[in-house]
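Visitor: Contents of entry_29.tsv (TSV, C-alpha atoms):
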chain	number	residue	atom	x	y	z
A	1	MET	CA	0.00	0.00	0.00
A	2	LYS	CA	1.31	3.40	-0.85
A	3	PHE	CA	0.75	5.68	2.12
A	4	LYS	CA	-0.09	9.31	1.68
A	5	LYS	CA	3.11	11.06	2.61
A	6	ASP	CA	1.61	14.49	2.76
A	7	SER	CA	-1.49	13.70	4.77
A	8	ILE	CA	-1.79	15.56	8.04
A	9	GLY	CA	-2.02	12.39	10.09
A	10	TYR	CA	1.16	10.93	8.64
A	11	THR	CA	3.00	14.23	9.05
A	12	ILE	CA	2.11	14.45	12.73
A	13	VAL	CA	2.93	10.82	13.47
A	14	PHE	CA	6.16	10.97	11.52
A	15	THR	CA	7.35	14.17	13.20
A	16	PHE	CA	6.45	12.81	16.60
A	17	ILE	CA	8.31	9.53	16.10
A	18	VAL	CA	11.39	11.19	14.65
A	19	CYS	CA	11.56	13.71	17.48
A	20	MET	CA	11.10	11.03	20.13
A	21	LEU	CA	13.74	8.83	18.57
A	22	PHE	CA	16.47	11.46	18.39
A	23	VAL	CA	15.67	12.97	21.77
A	24	VAL	CA	15.82	9.57	23.46
A	25	ILE	CA	19.22	8.84	21.90
A	26	LEU	CA	20.53	12.24	22.97
A	27	ALA	CA	19.24	11.87	26.49
A	28	ALA	CA	20.87	8.47	26.75
A	29	ALA	CA	24.20	9.77	25.43
A	30	ASN	CA	24.05	12.67	27.84
A	31	GLN	CA	23.29	10.42	30.81
A	32	LEU	CA	26.08	8.03	29.88
A	33	THR	CA	28.73	10.72	29.66
A	34	LEU	CA	27.43	12.85	32.54
A	35	PRO	CA	29.75	11.36	35.20
A	36	MET	CA	32.78	12.02	32.98
A	37	ALA	CA	31.73	15.58	32.21
A	38	GLU	CA	31.12	16.22	35.92
A	39	ALA	CA	34.48	14.69	36.81
A	40	ASN	CA	36.21	16.93	34.27
A	41	LYS	CA	34.50	19.95	35.72
A	42	SER	CA	35.36	19.17	39.30
A	43	PHE	CA	38.93	18.29	38.33
A	44	ALA	CA	39.34	21.70	36.69
A	45	ALA	CA	38.03	23.36	39.85
A	46	HIS	CA	40.24	21.27	42.14
A	47	LEU	CA	43.33	22.03	40.08
A	48	ALA	CA	42.54	25.75	40.13
A	49	VAL	CA	42.13	25.71	43.93
A	50	LEU	CA	45.44	23.90	44.38
A	51	LYS	CA	47.18	26.29	41.99
A	52	ALA	CA	45.75	29.30	43.83
A	53	PHE	CA	47.12	27.86	47.10
A	54	GLY	CA	50.43	27.36	45.32
A	55	LEU	CA	50.32	23.60	45.88
A	56	ALA	CA	50.16	22.33	42.33
A	57	ASP	CA	51.05	23.16	38.78
A	58	ALA	CA	49.62	22.11	35.45
A	59	SER	CA	52.21	19.37	34.94
A	60	MET	CA	50.73	17.16	37.66
A	61	SER	CA	48.73	14.11	36.73
A	62	ARG	CA	45.08	13.84	37.44
A	63	THR	CA	45.45	11.30	40.24
A	64	GLU	CA	48.17	13.35	41.90
A	65	VAL	CA	45.96	16.42	41.83
A	66	GLU	CA	42.94	14.61	43.22
A	67	SER	CA	44.87	12.95	46.06
A	68	LEU	CA	46.63	16.20	46.94
A	69	TYR	CA	43.29	17.99	46.92
A	70	SER	CA	41.64	15.48	49.22
A	71	THR	CA	44.52	15.51	51.73
A	72	LYS	CA	45.35	19.21	51.75
A	73	VAL	CA	42.24	21.19	51.01
A	74	ARG	CA	39.23	21.52	53.29
A	75	GLU	CA	36.01	22.64	51.69
A	76	LEU	CA	34.29	25.03	54.05
A	77	ASP	CA	30.54	24.77	54.09
A	78	ASN	CA	30.03	28.18	55.64
A	79	ALA	CA	30.64	30.09	52.44
A	80	PRO	CA	29.26	33.51	53.19
A	81	GLY	CA	26.10	33.72	51.18
A	82	ASP	CA	25.80	37.43	51.86
A	83	ILE	CA	28.90	38.27	49.86
A	84	LYS	CA	28.00	38.72	46.25
A	85	GLY	CA	29.44	36.22	43.81
A	86	VAL	CA	31.13	33.93	46.32
A	87	THR	CA	29.95	30.37	45.78
A	88	ALA	CA	32.48	28.21	47.62
A	89	ALA	CA	35.16	28.53	50.26
A	90	TYR	CA	38.27	26.47	50.96
A	91	ALA	CA	40.96	26.31	53.62
A	92	ALA	CA	44.40	24.74	53.63
A	93	ASP	CA	47.36	24.50	55.99
A	94	ILE	CA	50.61	25.05	54.18
A	95	ASP	CA	53.89	24.71	56.10
A	96	GLY	CA	52.13	25.42	59.36
A	97	SER	CA	50.19	28.51	58.38
A	98	ALA	CA	46.55	28.66	57.42
A	99	PHE	CA	45.21	30.02	54.16
A	100	VAL	CA	41.71	30.54	52.88
A	101	ALA	CA	40.37	30.68	49.36
A	102	VAL	CA	37.07	31.51	47.73
A	103	LYS	CA	35.51	30.82	44.39
A	104	VAL	CA	34.22	34.18	43.26
A	105	THR	CA	32.23	35.08	40.17
A	106	GLY	CA	31.69	38.51	38.71
A	107	ALA	CA	30.71	40.21	35.51
A	108	GLY	CA	33.17	40.25	32.63
A	109	LEU	CA	33.05	41.98	29.29
A	110	TRP	CA	31.16	39.24	27.40
A	111	GLY	CA	30.23	36.74	30.07
A	112	SER	CA	30.98	36.16	33.70
A	113	ILE	CA	34.48	35.56	35.04
A	114	THR	CA	35.03	32.96	37.76
A	115	ALA	CA	38.23	32.93	39.74
A	116	ILE	CA	39.75	31.21	42.75
A	117	LEU	CA	41.40	33.67	45.11
A	118	ALA	CA	43.58	32.43	47.98
A	119	THR	CA	44.84	34.71	50.75
A	120	ASP	CA	46.07	34.60	54.33
A	121	PRO	CA	43.25	34.64	56.90
A	122	ALA	CA	43.63	38.39	57.43
A	123	ALA	CA	43.39	38.97	53.68
A	124	SER	CA	46.48	41.15	53.87
A	125	ARG	CA	48.45	39.23	51.28
A	126	ILE	CA	47.26	37.24	48.29
A	127	ARG	CA	48.45	33.68	48.06
A	128	GLY	CA	47.40	33.19	44.48
A	129	LEU	CA	44.76	33.91	41.87
A	130	GLU	CA	43.50	31.45	39.29
A	131	ILE	CA	41.03	32.37	36.57
A	132	LEU	CA	38.79	29.33	36.32
A	133	ASP	CA	36.37	30.46	33.67
A	134	GLN	CA	36.20	33.45	31.35
A	135	GLN	CA	34.90	34.40	27.93
A	136	GLU	CA	36.87	37.59	27.37
A	137	THR	CA	38.10	38.64	23.93
A	138	PRO	CA	40.77	36.18	22.80
A	139	GLY	CA	44.16	37.85	22.59
A	140	LEU	CA	43.03	40.87	24.57
A	141	GLY	CA	40.97	40.42	27.73
A	142	GLY	CA	41.40	36.68	27.32
A	143	ARG	CA	45.02	37.14	28.34
A	144	ILE	CA	43.92	37.33	31.99
A	145	GLY	CA	44.02	33.53	31.72
A	146	GLU	CA	47.75	33.62	30.94
A	147	ASP	CA	50.37	32.77	33.53
A	148	TRP	CA	52.21	36.10	33.58
A	149	PHE	CA	49.04	37.93	34.54
A	150	GLN	CA	47.99	35.53	37.27
A	151	ALA	CA	51.55	35.19	38.60
A	152	GLN	CA	51.56	38.90	39.40
A	153	PHE	CA	49.05	38.25	42.17
A	154	LYS	CA	51.14	35.55	43.80
A	155	GLY	CA	52.33	36.91	47.15
A	156	GLU	CA	51.07	40.40	46.33
A	157	LYS	CA	50.49	42.61	49.36
A	158	VAL	CA	46.95	43.95	49.54
A	159	GLY	CA	46.96	47.72	49.25
A	160	PRO	CA	45.05	50.29	51.30
A	161	GLY	CA	41.31	49.92	51.10
A	162	GLY	CA	41.60	46.15	50.89
A	163	THR	CA	42.16	46.02	47.15
A	164	VAL	CA	44.85	45.33	44.63
A	165	LYS	CA	45.08	47.95	41.94
A	166	VAL	CA	45.04	46.60	38.39
A	167	ASP	CA	47.04	49.47	36.97
A	168	GLN	CA	46.60	50.54	33.37
A	169	ASN	CA	49.68	52.76	33.40
A	170	GLY	CA	52.08	49.87	33.81
A	171	THR	CA	54.29	48.20	31.28
A	172	GLY	CA	51.68	45.59	30.47
A	173	LYS	CA	54.31	42.92	30.89
A	174	GLY	CA	53.83	42.11	34.58
A	175	ASP	CA	54.74	43.93	37.78
A	176	PRO	CA	57.40	42.07	39.81
A	177	ASP	CA	57.06	44.25	42.94
A	178	LYS	CA	55.08	42.27	45.53
A	179	GLU	CA	54.85	45.05	48.12
A	180	ASN	CA	53.16	47.85	46.20
A	181	GLY	CA	49.63	46.46	46.05
A	182	ARG	CA	49.38	46.85	42.30
A	183	VAL	CA	49.64	44.66	39.23
A	184	ASP	CA	49.87	45.53	35.55
A	185	ALA	CA	46.65	45.49	33.59
A	186	VAL	CA	46.42	43.74	30.24
A	187	THR	CA	47.25	46.19	27.46
A	188	GLY	CA	44.22	46.90	25.31
A	189	ALA	CA	41.80	45.35	27.80
A	190	SER	CA	40.98	48.12	30.26
A	191	ARG	CA	37.40	46.96	30.81
A	192	THR	CA	38.39	43.36	31.51
A	193	SER	CA	41.13	44.57	33.86
A	194	ASP	CA	38.57	46.65	35.78
A	195	PHE	CA	36.33	43.60	36.10
A	196	VAL	CA	39.20	41.50	37.44
A	197	ALA	CA	40.02	44.21	39.99
A	198	ARG	CA	36.42	44.18	41.17
A	199	ILE	CA	36.34	40.38	41.44
A	200	VAL	CA	39.59	40.42	43.42
A	201	ALA	CA	38.16	43.07	45.76
A	202	ASP	CA	35.01	40.98	46.28
A	203	GLY	CA	37.14	37.91	46.90
A	204	LEU	CA	39.33	39.75	49.40
A	205	SER	CA	36.39	40.95	51.46
A	206	ALA	CA	35.11	37.37	51.47
A	207	THR	CA	38.39	35.76	52.54
A	208	ALA	CA	38.79	38.41	55.27
A	209	LYS	CA	35.39	37.50	56.63
A	210	ILE	CA	35.99	33.75	56.43
A	211	GLY	CA	39.52	34.08	57.76
A	212	GLY	CA	38.24	36.04	60.73
A	213	SER	CA	35.82	33.28	61.72
A	214	LEU	CA	38.24	30.41	61.07
B	1	MET	CA	35.56	11.44	-13.94
B	2	SER	CA	33.55	9.22	-11.63
B	3	ASP	CA	30.68	10.65	-9.65
B	4	THR	CA	32.45	10.34	-6.34
B	5	ARG	CA	35.52	12.13	-7.64
B	6	LYS	CA	33.40	14.91	-9.07
B	7	ILE	CA	31.59	15.35	-5.73
B	8	VAL	CA	34.91	15.55	-3.91
B	9	LYS	CA	36.33	18.05	-6.37
B	10	ASP	CA	33.18	20.16	-6.17
B	11	GLY	CA	33.30	20.31	-2.40
B	12	LEU	CA	36.99	21.03	-2.20
B	13	TRP	CA	37.33	23.51	-5.02
B	14	SER	CA	34.91	24.15	-7.87
B	15	ASN	CA	31.90	24.48	-5.58
B	16	ASN	CA	33.80	25.27	-2.39
B	17	PRO	CA	31.37	26.27	0.37
B	18	ILE	CA	33.30	29.45	1.18
B	19	PHE	CA	34.60	30.55	-2.21
B	20	VAL	CA	31.65	29.70	-4.40
B	21	GLN	CA	28.61	29.06	-2.22
B	22	VAL	CA	29.69	31.72	0.31
B	23	LEU	CA	28.23	29.68	3.17
B	24	GLY	CA	29.49	29.38	6.71
B	25	ILE	CA	31.09	32.81	6.71
B	26	CYS	CA	29.86	33.56	10.24
B	27	SER	CA	31.97	30.83	11.80
B	28	THR	CA	34.91	31.90	9.67
B	29	LEU	CA	34.89	35.17	11.57
B	30	ALA	CA	34.49	33.62	14.99
B	31	VAL	CA	36.91	30.73	15.26
B	32	THR	CA	39.80	31.49	12.93
B	33	ASN	CA	41.99	33.47	15.30
B	34	ASN	CA	43.74	30.34	16.46
B	35	MET	CA	44.46	27.16	14.57
B	36	LYS	CA	43.45	24.67	17.23
B	37	ASN	CA	39.90	25.99	17.51
B	38	THR	CA	39.69	26.17	13.74
B	39	LEU	CA	40.74	22.57	13.38
B	40	ILE	CA	38.20	21.31	15.89
B	41	MET	CA	35.50	23.46	14.33
B	42	ALA	CA	36.33	22.15	10.86
B	43	LEU	CA	36.21	18.54	12.07
B	44	GLY	CA	32.93	19.23	13.85
B	45	VAL	CA	31.35	20.73	10.76
B	46	THR	CA	32.65	17.90	8.58
B	47	PHE	CA	31.26	15.28	10.95
B	48	ALA	CA	27.89	16.98	11.35
B	49	THR	CA	27.49	17.68	7.63
B	50	ALA	CA	28.47	14.16	6.57
B	51	MET	CA	26.42	12.31	9.19
B	52	GLY	CA	23.46	14.66	8.82
B	53	SER	CA	23.50	14.25	5.05
B	54	VAL	CA	23.64	10.45	5.28
B	55	THR	CA	20.80	10.30	7.76
B	56	LEU	CA	18.62	12.72	5.86
B	57	SER	CA	19.35	11.05	2.55
B	58	ALA	CA	18.46	7.62	3.99
B	59	MET	CA	15.12	8.82	5.32
B	60	LYS	CA	14.29	11.29	2.54
B	61	ASP	CA	11.52	9.12	1.09
B	62	LEU	CA	9.75	9.07	4.42
B	63	ILE	CA	9.86	12.79	5.16
B	64	PRO	CA	6.67	14.68	4.35
B	65	ARG	CA	7.45	17.77	2.29
B	66	LYS	CA	5.77	20.14	4.72
B	67	VAL	CA	8.05	19.32	7.62
B	68	ARG	CA	11.15	18.72	5.53
B	69	MET	CA	13.15	21.60	6.94
B	70	ILE	CA	12.10	20.97	10.51
B	71	VAL	CA	13.33	17.41	10.22
B	72	GLN	CA	16.61	18.63	8.68
B	73	VAL	CA	17.19	20.99	11.58
B	74	LEU	CA	16.32	18.24	14.04
B	75	VAL	CA	18.74	15.72	12.56
B	76	LEU	CA	21.57	18.23	12.15
B	77	SER	CA	21.21	19.60	15.67
B	78	PHE	CA	21.18	16.02	16.92
B	79	TYR	CA	24.69	15.50	15.55
B	80	VAL	CA	25.86	18.87	16.80
B	81	ILE	CA	24.75	18.06	20.34
B	82	ILE	CA	26.47	14.68	20.04
B	83	ILE	CA	29.71	16.52	19.22
B	84	ASP	CA	29.20	18.77	22.23
B	85	ILE	CA	28.59	15.79	24.52
B	86	ILE	CA	31.69	13.99	23.24
B	87	LEU	CA	33.89	17.06	23.66
B	88	ARG	CA	32.63	17.68	27.19
B	89	ALA	CA	33.32	14.11	28.25
B	90	TYR	CA	36.57	13.36	26.44
B	91	MET	CA	38.20	16.69	25.55
B	92	PRO	CA	37.32	19.09	28.39
B	93	ALA	CA	40.06	21.58	27.49
B	94	ALA	CA	38.87	21.94	23.91
B	95	SER	CA	35.27	22.03	25.04
B	96	LYS	CA	36.04	24.88	27.43
B	97	GLN	CA	37.92	26.84	24.83
B	98	LEU	CA	35.32	26.47	22.10
B	99	GLY	CA	32.51	27.17	24.53
B	100	PRO	CA	29.41	28.32	22.70
B	101	TYR	CA	30.91	27.83	19.23
B	102	VAL	CA	30.17	24.10	19.21
B	103	GLY	CA	26.47	24.73	19.60
B	104	LEU	CA	26.76	27.32	16.88
B	105	ILE	CA	27.77	24.68	14.35
B	106	ILE	CA	24.05	24.25	13.79
B	107	THR	CA	23.81	27.82	12.54
B	108	ASN	CA	26.50	27.04	9.98
B	109	CYS	CA	24.71	27.41	6.69
B	110	ILE	CA	26.81	24.66	5.10
B	111	LEU	CA	24.90	22.02	7.07
B	112	MET	CA	21.44	23.07	5.95
B	113	GLY	CA	22.77	24.06	2.56
B	114	ARG	CA	24.11	20.60	1.78
B	115	ALA	CA	21.13	18.83	3.33
B	116	GLU	CA	18.76	20.82	1.16
B	117	ALA	CA	20.84	21.06	-2.02
B	118	PHE	CA	22.35	17.59	-2.12
B	119	ALA	CA	21.15	15.06	0.44
B	120	ALA	CA	17.48	15.74	-0.33
B	121	ALA	CA	17.97	14.45	-3.88
B	122	ASN	CA	20.77	11.89	-3.65
B	123	LYS	CA	21.50	8.44	-2.22
B	124	PRO	CA	23.21	8.06	1.18
B	125	TRP	CA	26.73	7.27	-0.04
B	126	PRO	CA	27.13	10.24	-2.40
B	127	SER	CA	25.54	12.42	0.30
B	128	PHE	CA	28.12	11.23	2.80
B	129	VAL	CA	30.97	11.97	0.39
B	130	ASP	CA	29.44	15.33	-0.37
B	131	GLY	CA	29.27	16.17	3.34
B	132	ILE	CA	32.88	15.16	3.92
B	133	ALA	CA	34.11	17.04	0.86
B	134	ASN	CA	32.25	20.21	1.76
B	135	GLY	CA	33.42	20.03	5.35
B	136	LEU	CA	37.00	19.60	4.22
B	137	GLY	CA	36.71	22.35	1.63
B	138	TYR	CA	35.41	24.64	4.34
B	139	GLY	CA	38.07	23.50	6.79
B	140	ALA	CA	40.92	24.02	4.33
B	141	VAL	CA	39.97	27.64	3.70
B	142	LEU	CA	39.49	28.26	7.42
B	143	LEU	CA	42.86	26.77	8.26
B	144	CYS	CA	44.64	29.01	5.75
B	145	ILE	CA	42.98	32.04	7.29
B	146	SER	CA	43.71	30.92	10.83
B	147	VAL	CA	47.41	30.40	10.02
B	148	ILE	CA	47.67	34.04	8.99
B	149	ARG	CA	45.57	35.33	11.88
B	150	GLU	CA	47.24	33.30	14.59
B	151	PHE	CA	50.75	34.05	13.34
B	152	PHE	CA	50.30	37.80	13.16
B	153	GLY	CA	47.86	38.08	16.06
B	154	PHE	CA	49.65	35.92	18.63
B	155	GLY	CA	53.03	35.20	17.03
B	156	SER	CA	52.32	31.50	17.33
B	157	LEU	CA	50.95	28.52	15.40
B	158	MET	CA	48.88	25.80	17.05
B	159	GLY	CA	49.63	27.63	20.31
B	160	VAL	CA	53.40	27.20	19.87
B	161	LYS	CA	55.23	30.49	20.14
B	162	LEU	CA	57.33	31.10	17.03
B	163	VAL	CA	58.66	34.62	17.36
B	164	GLY	CA	60.50	36.45	20.11
B	165	ASP	CA	59.16	38.99	22.59
B	166	ALA	CA	60.29	41.85	20.36
B	167	PHE	CA	57.39	41.02	18.01
B	168	THR	CA	54.38	43.25	18.51
B	169	PRO	CA	51.20	41.23	17.88
B	170	TRP	CA	48.77	42.75	15.42
B	171	THR	CA	45.75	43.21	17.63
B	172	ILE	CA	43.50	43.61	14.59
B	173	MET	CA	44.31	40.04	13.58
B	174	VAL	CA	42.60	38.52	16.63
B	175	MET	CA	39.50	40.65	16.16
B	176	ALA	CA	36.69	39.83	13.74
B	177	PRO	CA	37.47	42.54	11.12
B	178	SER	CA	40.68	40.85	10.02
B	179	ALA	CA	38.69	37.77	9.10
B	180	PHE	CA	36.48	39.93	6.89
B	181	PHE	CA	39.50	41.27	5.06
B	182	LEU	CA	41.17	37.90	4.70
B	183	VAL	CA	38.03	36.07	3.58
B	184	ALA	CA	37.32	38.80	1.05
B	185	LEU	CA	40.87	38.67	-0.29
B	186	ALA	CA	40.75	34.87	-0.51
B	187	LEU	CA	37.37	35.02	-2.28
B	188	TRP	CA	38.69	37.58	-4.70
B	189	GLY	CA	41.80	35.54	-5.43
B	190	ALA	CA	39.94	32.27	-5.90
B	191	ASN	CA	37.27	33.77	-8.13
B	192	THR	CA	39.78	35.66	-10.26
B	193	TYR	CA	41.72	32.45	-10.72
B	194	ASN	CA	38.60	30.50	-11.62
B	195	ALA	CA	37.42	33.16	-14.06
B	196	LYS	CA	40.80	33.16	-15.79
B	197	ALA	CA	40.84	29.37	-15.96
B	198	ALA	CA	37.35	29.35	-17.45
B	199	ALA	CA	38.29	31.98	-20.03
B	200	LYS	CA	41.37	30.01	-20.99
B	201	LYS	CA	39.32	26.86	-21.43
B	202	LYS	CA	36.88	28.70	-23.66
B	203	GLY	CA	39.67	30.21	-25.73
B	204	ALA	CA	41.29	26.83	-26.27
B	205	LYS	CA	38.18	25.35	-27.84
Let me see whether you can do it: turn the structure in this file into structure tokens.
Guide:
Amino acid sequence: MKFKKDSIGYTIVFTFIVCMLFVVILAAANQLTLPMAEANKSFAAHLAVLKAFGLADASMSRTEVESLYSTKVRELDNAPGDIKGVTAAYAADIDGSAFVAVKVTGAGLWGSITAILATDPAASRIRGLEILDQQETPGLGGRIGEDWFQAQFKGEKVGPGGTVKVDQNGTGKGDPDKENGRVDAVTGASRTSDFVARIVADGLSATAKIGGSL
Amino acid sequence: MSDTRKIVKDGLWSNNPIFVQVLGICSTLAVTNNMKNTLIMALGVTFATAMGSVTLSAMKDLIPRKVRMIVQVLVLSFYVIIIDIILRAYMPAASKQLGPYVGLIITNCILMGRAEAFAAANKPWPSFVDGIANGLGYGAVLLCISVIREFFGFGSLMGVKLVGDAFTPWTIMVMAPSAFFLVALALWGANTYNAKAAAKKKGAK
């Protein structure tokens, strides 16, 4: 029997079956790979926390990172919900002194920027900053993800007013002075640099609060 | 020339999606500022076009005309989401870097263009070859552009730094406008060449 391909009934049934079929396959594929995708995501976050604490670098294997994370880092469940953008808090003891870190999210130029900021409990000196997620302009604002930019924050003394100045009058190549409370901004990315400064300031007020109640 | 060879040649050169059909230009602007992203994008488009064309060609006799395009979009987006799922699970770094661009493969006009222009009227195997050839033709042009943009914009290729610190990167090369210029120049060059070749052929007769 030759069915009527253009009849309304056939069209509806056909569309319905085709949709169901593809959606079911997609849902199954998504469910099957979900644990791996989640693991990748949490691994990226764990590595960023360790790097912010100065405990790991990118050359470490996945198992090393995970075991180091589980032995060294404590996830604090009292992340201050009242501080804007802070979604998680961590603590670690390194060579006998305590450090705290927060995962802090703020607006960027195109999307939001998420960073891990680690400091001493008084939030007077930054331990490290890791940009976890950003969608800034590649080659311009996107350079905040590069090592030279993030390394500037390592050990940087927090300036007056509890902030670190992301200075647009610098060389744009990185500021080696750890005592002046300023870092070089990315050349050609003044907006992104402002956003990073704001995220760091938010993070600092959060770590000060958490550090005080540690 | 056999059919398969003609399809391949069409996709790669004489009916190249970028030079002749002028399809998929949007992604050319977005992903060509570094080679790695370009390569993954090109593979993604090739995979989605080829698989989508095969699937659509195999079921073309069953698709009612009225919902033809809806079904095409459904099948193509199915493969695009599959790519996204695979990248997220097995290549997290690439997935993070490409971000929203993977999902945007579906808006690449080459996919719909080939489904509508070729797969809707041909058998699965030629449709598959056509998808691969068009994807590769698109990818080849994109790669050429990304080599130029990454080298001048970052001073690197495939993320490997090639020039010293004294080199000042051309900021324009990482921004979208440079892709406009380069695509236009490439289009101009290719079409001039083709026109000359055609004239020569005519003259020889």
Visitor: If I put a ball of radius 10 Å at (33.2, 23.1, 23.6) in the file's coordinates, which residues poke into it when counting all atoms listed in the file, written as a list in words?
Guide: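 In the file's frame, the residues around the point are Asn37, Ile40, Met41, Ile83, Asp84, Ile85, Ile86, Leu87, Arg88, Met91, Pro92, Ala93, Ala94, Ser95, Lys96, Gln97, Leu98, Gly99, Pro100, Tyr101, Val102 and Gly103 of chain B.
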Visitor: I'd like the contact shell of Gly131 (chain B) - 12 Å cut-off, all atoms listed in the file, skipping same-chain residues fewer than 3 positions apart - returned as a ChimeraX atom specification.
Guide: /B:4,7-8,10-12,16-17,42-57,76,110-119,122,124-128,134-139
Visitor: What are the residues of chain B that have an atom within 10 Å of an atom of chain A, counting all atoms listed in the file, as a CSV table (one decimal) with C-alpha atoms, in the frame of the given file?
Guide:
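The result, stored in part.csv:
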chain,number,residue,atom,x,y,z
B,33,ASN,CA,42.0,33.5,15.3
B,34,ASN,CA,43.7,30.3,16.5
B,61,ASP,CA,11.5,9.1,1.1
B,62,LEU,CA,9.8,9.1,4.4
B,63,ILE,CA,9.9,12.8,5.2
B,64,PRO,CA,6.7,14.7,4.4
B,65,ARG,CA,7.4,17.8,2.3
B,66,LYS,CA,5.8,20.1,4.7
B,67,VAL,CA,8.0,19.3,7.6
B,68,ARG,CA,11.2,18.7,5.5
B,70,ILE,CA,12.1,21.0,10.5
B,71,VAL,CA,13.3,17.4,10.2
B,74,LEU,CA,16.3,18.2,14.0
B,75,VAL,CA,18.7,15.7,12.6
B,77,SER,CA,21.2,19.6,15.7
B,78,PHE,CA,21.2,16.0,16.9
B,79,TYR,CA,24.7,15.5,15.6
B,81,ILE,CA,24.8,18.1,20.3
B,82,ILE,CA,26.5,14.7,20.0
B,84,ASP,CA,29.2,18.8,22.2
B,85,ILE,CA,28.6,15.8,24.5
B,86,ILE,CA,31.7,14.0,23.2
B,87,LEU,CA,33.9,17.1,23.7
B,88,ARG,CA,32.6,17.7,27.2
B,89,ALA,CA,33.3,14.1,28.2
B,90,TYR,CA,36.6,13.4,26.4
B,91,MET,CA,38.2,16.7,25.6
B,92,PRO,CA,37.3,19.1,28.4
B,93,ALA,CA,40.1,21.6,27.5
B,96,LYS,CA,36.0,24.9,27.4
B,97,GLN,CA,37.9,26.8,24.8
B,98,LEU,CA,35.3,26.5,22.1
B,99,GLY,CA,32.5,27.2,24.5
B,100,PRO,CA,29.4,28.3,22.7
B,150,GLU,CA,47.2,33.3,14.6
B,153,GLY,CA,47.9,38.1,16.1
B,154,PHE,CA,49.6,35.9,18.6
B,169,PRO,CA,51.2,41.2,17.9
B,170,TRP,CA,48.8,42.8,15.4
B,171,THR,CA,45.8,43.2,17.6
B,172,ILE,CA,43.5,43.6,14.6
B,173,MET,CA,44.3,40.0,13.6
B,174,VAL,CA,42.6,38.5,16.6
B,175,MET,CA,39.5,40.6,16.2
Visitor: Enter the distance from CA of Ile94 (chain A) to CA of Asp77 (chain A), in Å, rounded to one decimal.
Guide: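 About the pair CA of Ile94 (chain A) and CA of Asp77 (chain A): they are 20.1 Å apart.
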Visitor: Work out how far apart CA of Leu204 (chain A) and CA of Thr171 (chain A) are and give it in Å to one decimal.
Guide: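 Straight-line distance from CA of Leu204 (chain A) to CA of Thr171 (chain A) works out to 25.0 Å.
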Visitor: Point out the residue among B:Ala120, B:Thr32, B:Asn108, B:Asp3 with the least atom-to-atom distance to Met59 (chain B), counting only C-alpha atoms.
Guide: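 When distances to Met59 (chain B) are compared using only C-alpha atoms, the smallest one comes from B:Ala120.
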Visitor: Quick one: everything within 9 Å of region 141-150 of chain A, counting all atoms listed in the file, minus sequence neighbours fewer than 6 positions away in the same chain. Send it as a PyMOL selection string.
Guide: chain A and resi 109+128-135+173-175+183-193+196
Visitor: Write out the residues from the selection above, keeping C-alpha atoms, as a JSON list (two decimals), keeping the file's coordinate frame.
Guide:
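Produced file part.json, reproduced below:
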[["chain", "number", "residue", "atom", "x", "y", "z"],
["A", 109, "LEU", "CA", 33.05, 41.98, 29.29],
["A", 128, "GLY", "CA", 47.40, 33.19, 44.48],
["A", 129, "LEU", "CA", 44.76, 33.91, 41.87],
["A", 130, "GLU", "CA", 43.50, 31.45, 39.29],
["A", 131, "ILE", "CA", 41.03, 32.37, 36.57],
["A", 132, "LEU", "CA", 38.79, 29.33, 36.32],
["A", 133, "ASP", "CA", 36.37, 30.46, 33.67],
["A", 134, "GLN", "CA", 36.20, 33.45, 31.35],
["A", 135, "GLN", "CA", 34.90, 34.40, 27.93],
["A", 173, "LYS", "CA", 54.31, 42.92, 30.89],
["A", 174, "GLY", "CA", 53.83, 42.11, 34.58],
["A", 175, "ASP", "CA", 54.74, 43.93, 37.78],
["A", 183, "VAL", "CA", 49.64, 44.66, 39.23],
["A", 184, "ASP", "CA", 49.87, 45.53, 35.55],
["A", 185, "ALA", "CA", 46.65, 45.49, 33.59],
["A", 186, "VAL", "CA", 46.42, 43.74, 30.24],
["A", 187, "THR", "CA", 47.25, 46.19, 27.46],
["A", 188, "GLY", "CA", 44.22, 46.90, 25.31],
["A", 189, "ALA", "CA", 41.80, 45.35, 27.80],
["A", 190, "SER", "CA", 40.98, 48.12, 30.26],
["A", 191, "ARG", "CA", 37.40, 46.96, 30.81],
["A", 192, "THR", "CA", 38.39, 43.36, 31.51],
["A", 193, "SER", "CA", 41.13, 44.57, 33.86],
["A", 196, "VAL", "CA", 39.20, 41.50, 37.44]]
Visitor: For a cutoff of 9 Å around the file-coordinate point (38.0, 39.8, 45.1), which residues qualify once you count only C-alpha atoms? I'd like the result as a ChimeraX atom specification.
Guide: /A:102,104-105,115,117,163-164,196-207
Visitor: Hey, can you spit out that residue selection with C-alpha atoms as a compact mmCIF listing (two decimals), in the frame of the given file?
Guide:
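Below you can see out.txt, which holds the result:
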# COMPACT_ATOMS: atom_id res chain seq x y z
CA VAL A 102 37.07 31.51 47.73
CA VAL A 104 34.22 34.18 43.26
CA THR A 105 32.23 35.08 40.17
CA ALA A 115 38.23 32.93 39.74
CA LEU A 117 41.40 33.67 45.11
CA THR A 163 42.16 46.02 47.15
CA VAL A 164 44.85 45.33 44.63
CA VAL A 196 39.20 41.50 37.44
CA ALA A 197 40.02 44.21 39.99
CA ARG A 198 36.42 44.18 41.17
CA ILE A 199 36.34 40.38 41.44
CA VAL A 200 39.59 40.42 43.42
CA ALA A 201 38.16 43.07 45.76
CA ASP A 202 35.01 40.98 46.28
CA GLY A 203 37.14 37.91 46.90
CA LEU A 204 39.33 39.75 49.40
CA SER A 205 36.39 40.95 51.46
CA ALA A 206 35.11 37.37 51.47
CA THR A 207 38.39 35.76 52.54
